[in-house]
Amino acid sequence: MEKESAYPGRKINIEIKDWGTKEVVSGTTILEILEGLHQKIKKEALAARLNGKVVDLKTPLQDDASLEILTFDDPEGAEVYRHTASHVLAQAVKRIYDNVRLGIGPATDSGFYYDFAFTSPIGADDLEKVEEQIEQIIAEDIPLKRIELNREEALKIVKEQGENFKVELISDLPDEETISFYRQGEFMDLCAGPHLPSTGRLNFVKLLNLAGAYWRGDENNPMLQRIYGTAFPKKKMMKEYLHFLEEARKRDHRKLGRELDLFSFHEQGPGFPFYHPRGIIIRRELENFWREEHRKAGYLEVETPIILSRQLWEQSGHWEHYRENMYFTKIDEQDYAVKPMNCPGAMLIYKTGMRSYRDFPLRMAEMGLVHRHEKSGTLHGLMRVRSFTQDDAHIFMLPGQVGDEVASVMELVDRFYKVFDFNYHVELSTRPENSMGTDKMWEEATAALQDVLDNRAVPYVINEGDGAFYGPKIDFHLRDSLKRTWQCGTIQLDFQMPEKFDLNYVGPDGQRHRPVMIHRVVYGAMERFLALLIEHYGGAFPLWLAPVQAVLIPITDRQHDYANKVKKTLLEEGIRVEMDDRSEKMGYKIREAQVHKIPYMLVIGDKEVEACSLAIRHRKLGDLGAFTLNSFVKKIKEEINEKI
């Protein structure tokens, strides 16, 4: 229940960001304070940050405080807006369907969802009537009221409602915790809040799709139906977002992977990708570029086994911290595991000889295939798979070399991402709950990464608790052509593995010392990076990556002999070329080449045969005119080398 002031009527001072200090009577709500502010902020206010905590606008103020009004432009404001939309969705569903049970309904970065257990599954066609009921609830402008109860009272309510999933949630809460609900009309839901003052504050709500979701993400639990939606305060925002979704659907790497014949998945190996000939070309080009850049940067390539003994994974800490994501087997009655990470293998290579301080920095790079047991419900094309290749590297160094090595990795990452026309931002991820090592080790490692970022004046945000279990890390989040962000590259500083594997080097004093090491990737997972590239380019890969760089289009059978000679020359020059010799019209063949996003179309008619030339057409620029074969070869090879 709302708390009453111990001193009703006393004056308090509220410092409002951007609006100065206001003197009000204790018990005044934030909503009432808005009455004295500008009409625009009063209209746009969705929630508030009170002494650093996000709260409802109906919250009464009891003491002097600092206050910040939150609008949809603030992430917390947008979250409150969309969280309220999820409650309206749940209320609408409860009005329409009998005996439906509620799961959870949070806001997301771009919308919201709610999980339901229906007596009979609903279909996508049913979303229209749910949406109509949502509009009705918004029109009713129903106030939302926060209600706080003790554990016994809360359990009684949800049991009376028949909400067994809510009973489970309450049972998992600490005994002493006050439990809050939000009521809107006939609907009441277990929720920590905060929420909008009333349903009428919502403007535009759109339901997007249905999906299956295991209760609490556990495949051993019941499967629920998840309804996804989004909500915006302005029609223009909604229109732009729906356009973005349409573009994203067109660029979906799973769709383009099928259409461009790049890869496939099969029920005989769920989560394990199969690369087709055209897909493997892109993969190999990415690897070749990676190898050349790493060679120039002083890395030595290694390769380690896929299966290694249980004892090794116990020593590395993976057995304790990562076992649930690993695959296992037995060899000669001994326990072995398929590697989920490449680092322990690099430790064994390091230990094959005595290392000197003169060997440092020692940079070992590996295109290492790893396997992780991802839950079936989380699998998503190439984005989330069970087998993938990491472009790993493990750098061993002196403690005094950490700053320079981290900086050099950042330069390498920057060089790679510029080639693919990616912008990115940086996050510093700190110690997680499930971690190894002492407080001192973590403090030193985190400070070392922070110093590099500060000294290089790299803007970054701190991502609390998201480090690896063995050390803090710098993560690189790419921004694609649809302005979505993806975490790919990472630099992880590790003081733990050298200790666990008793790694040493001989210092200038002739004594043994412990090295420091960095784990890092640039692409991240090759599969995920390829998926990202497919969507970033919409399948229209730059020339150097395109599976087919040019297609020969003879107009009639008379040009086939000349076209075959051209094809032979181009193949000898290392250009990936095909010939469309079907008995179809030239316009149809050109359209087909455009659909398959082939960069160059080389049209050959009688005139081209007579002049020993080619009529060149580019997929974006259109007709480029006539080229001799030699001039075209020179042009295309220059573009390939420049990675255009």
# chains A, B, ... in the order shown; residues from 1 in each chain; ligands from 1
$ closest_atom_pairs --of "region 473-583 of chain A" --to "region 397-414 of chain A" --cutoff "10 Å" --atoms "only C-alpha atoms" --output "JSON lines"
{"residue": "A:Ile474", "atom": "CA", "partner": "A:Val406", "partner_atom": "CA", "distance": 9.3}
{"residue": "A:Phe476", "atom": "CA", "partner": "A:Val413", "partner_atom": "CA", "distance": 8.5}
{"residue": "A:Gly489", "atom": "CA", "partner": "A:Val413", "partner_atom": "CA", "distance": 7.2}
{"residue": "A:Thr490", "atom": "CA", "partner": "A:Val413", "partner_atom": "CA", "distance": 9.0}
{"residue": "A:Ile491", "atom": "CA", "partner": "A:Val406", "partner_atom": "CA", "distance": 7.4}
{"residue": "A:Gln492", "atom": "CA", "partner": "A:Val406", "partner_atom": "CA", "distance": 9.2}
{"residue": "A:Leu493", "atom": "CA", "partner": "A:Val402", "partner_atom": "CA", "distance": 8.6}
{"residue": "A:Phe495", "atom": "CA", "partner": "A:Pro399", "partner_atom": "CA", "distance": 9.8}
{"residue": "A:Tyr505", "atom": "CA", "partner": "A:Leu398", "partner_atom": "CA", "distance": 9.1}
{"residue": "A:Gly507", "atom": "CA", "partner": "A:Leu398", "partner_atom": "CA", "distance": 9.2}
{"residue": "A:His513", "atom": "CA", "partner": "A:Leu398", "partner_atom": "CA", "distance": 9.1}
{"residue": "A:Arg514", "atom": "CA", "partner": "A:Leu398", "partner_atom": "CA", "distance": 8.3}
{"residue": "A:Pro515", "atom": "CA", "partner": "A:Leu398", "partner_atom": "CA", "distance": 5.6}
{"residue": "A:Val516", "atom": "CA", "partner": "A:Met397", "partner_atom": "CA", "distance": 5.4}
{"residue": "A:Met517", "atom": "CA", "partner": "A:Met397", "partner_atom": "CA", "distance": 6.1}
{"residue": "A:Ile518", "atom": "CA", "partner": "A:Val406", "partner_atom": "CA", "distance": 8.0}
{"residue": "A:Arg520", "atom": "CA", "partner": "A:Val409", "partner_atom": "CA", "distance": 8.0}
{"residue": "A:Val521", "atom": "CA", "partner": "A:Val413", "partner_atom": "CA", "distance": 8.6}
{"residue": "A:Val522", "atom": "CA", "partner": "A:Val413", "partner_atom": "CA", "distance": 5.7}
{"residue": "A:Tyr523", "atom": "CA", "partner": "A:Val413", "partner_atom": "CA", "distance": 8.6}
$ residues_around --residues "region 597-610 of chain A" --least-positions-apart "6" --cutoff "9 Å" --atoms "only C-alpha atoms" --output "ChimeraX atom specification"
/A:260,539-543,546-556,558-560,562-563,586,590,616-620,626
$ write_last_selection --atoms "N, CA and C atoms" --output "compact mmCIF listing (two decimals), in the first residue's frame"
# COMPACT_ATOMS: atom_id res chain seq x y z
N LEU A 260 20.22 -17.71 -51.90
CA LEU A 260 21.54 -17.61 -52.54
C LEU A 260 22.32 -18.91 -52.45
N GLY A 539 22.77 -9.58 -48.74
CA GLY A 539 23.16 -10.63 -49.68
C GLY A 539 23.98 -10.13 -50.85
N ALA A 540 24.06 -8.81 -51.04
CA ALA A 540 24.83 -8.24 -52.15
C ALA A 540 26.25 -7.99 -51.67
N PHE A 541 27.05 -9.04 -51.62
CA PHE A 541 28.40 -8.95 -51.06
C PHE A 541 29.30 -8.08 -51.93
N PRO A 542 30.28 -7.43 -51.29
CA PRO A 542 31.27 -6.71 -52.09
C PRO A 542 32.00 -7.69 -53.00
N LEU A 543 32.57 -7.18 -54.06
CA LEU A 543 33.14 -8.01 -55.11
C LEU A 543 34.09 -9.07 -54.58
N ALA A 546 31.98 -11.89 -53.03
CA ALA A 546 30.87 -12.46 -53.80
C ALA A 546 31.20 -13.87 -54.27
N PRO A 547 30.34 -14.85 -54.02
CA PRO A 547 30.61 -16.23 -54.47
C PRO A 547 30.80 -16.32 -55.98
N VAL A 548 29.97 -15.59 -56.72
CA VAL A 548 30.13 -15.47 -58.17
C VAL A 548 30.38 -13.99 -58.45
N GLN A 549 31.55 -13.68 -59.00
CA GLN A 549 31.91 -12.28 -59.22
C GLN A 549 31.44 -11.76 -60.57
N ALA A 550 31.25 -12.66 -61.52
CA ALA A 550 30.78 -12.23 -62.85
C ALA A 550 30.04 -13.39 -63.51
N VAL A 551 29.03 -13.04 -64.30
CA VAL A 551 28.30 -14.05 -65.05
C VAL A 551 28.33 -13.65 -66.53
N LEU A 552 28.67 -14.63 -67.37
CA LEU A 552 28.67 -14.42 -68.82
C LEU A 552 27.28 -14.70 -69.36
N ILE A 553 26.76 -13.77 -70.17
CA ILE A 553 25.41 -13.91 -70.71
C ILE A 553 25.47 -13.81 -72.24
N PRO A 554 25.68 -14.95 -72.92
CA PRO A 554 25.62 -14.92 -74.39
C PRO A 554 24.16 -14.77 -74.83
N ILE A 555 23.94 -13.93 -75.84
CA ILE A 555 22.57 -13.66 -76.27
C ILE A 555 21.97 -14.84 -77.03
N THR A 556 22.77 -15.50 -77.85
CA THR A 556 22.30 -16.67 -78.59
C THR A 556 23.37 -17.75 -78.55
N ARG A 558 25.15 -18.69 -80.88
CA ARG A 558 26.30 -18.35 -81.74
C ARG A 558 27.47 -17.82 -80.93
N GLN A 559 27.21 -17.24 -79.77
CA GLN A 559 28.29 -16.64 -78.98
C GLN A 559 28.91 -17.59 -77.95
N HIS A 560 28.46 -18.85 -77.90
CA HIS A 560 28.92 -19.75 -76.84
C HIS A 560 30.42 -20.04 -76.91
N TYR A 562 32.90 -18.16 -78.05
CA TYR A 562 33.65 -16.99 -77.55
C TYR A 562 33.45 -16.85 -76.03
N ALA A 563 32.22 -17.07 -75.57
CA ALA A 563 31.94 -16.95 -74.14
C ALA A 563 32.75 -17.97 -73.33
N MET A 586 17.71 -12.45 -73.03
CA MET A 586 18.79 -11.75 -72.32
C MET A 586 18.25 -11.00 -71.09
N ILE A 590 19.52 -11.36 -67.20
CA ILE A 590 20.03 -10.22 -66.41
C ILE A 590 19.26 -10.09 -65.10
N ILE A 616 29.63 -4.63 -70.49
CA ILE A 616 29.65 -4.82 -69.03
C ILE A 616 28.46 -4.11 -68.39
N ARG A 617 27.80 -4.85 -67.50
CA ARG A 617 26.72 -4.28 -66.71
C ARG A 617 27.01 -4.54 -65.23
N HIS A 618 26.88 -3.51 -64.39
CA HIS A 618 27.12 -3.63 -62.95
C HIS A 618 25.78 -3.69 -62.23
N ARG A 619 25.70 -4.49 -61.15
CA ARG A 619 24.41 -4.70 -60.48
C ARG A 619 23.84 -3.41 -59.88
N LYS A 620 24.70 -2.44 -59.52
CA LYS A 620 24.23 -1.19 -58.95
C LYS A 620 24.29 -0.05 -59.96
N ALA A 626 31.38 -0.90 -73.30
CA ALA A 626 32.20 -1.99 -73.83
C ALA A 626 33.60 -1.96 -73.24
$ closest_residue --among "A:Asp18, A:Glu285, A:Glu499, A:Glu292" --to "Ser316 (chain A)" --atoms "only C-alpha atoms"
A:Glu499
$ select_by_dssp --residues "region 456-566 of chain A" --states "strand (DSSP E or B)" --output "ChimeraX atom specification"
/A:460-463,468,471,473-479,485-494,505-506,512-513,516-525,550-554
$ atom_distance --atom1 "CA of Ser198 (chain A)" --atom2 "CA of Leu70 (chain A)"
16.0 Å
$ residues_around --residues "region 148-152 of chain A" --least-positions-apart "3" --cutoff "8 Å" --atoms "only C-alpha atoms" --output "VMD selection string"
chain A and resid 1 to 2 155 to 156 170 175 to 181
$ closest_residue --among "A:Thr304, A:Asn99, A:Thr108, A:Asn220" --to "Pro75 (chain A)" --atoms "only C-alpha atoms"
A:Thr108
$ atom_distance --atom1 "CA of Trp215 (chain A)" --atom2 "CA of Asp125 (chain A)"
23.6 Å
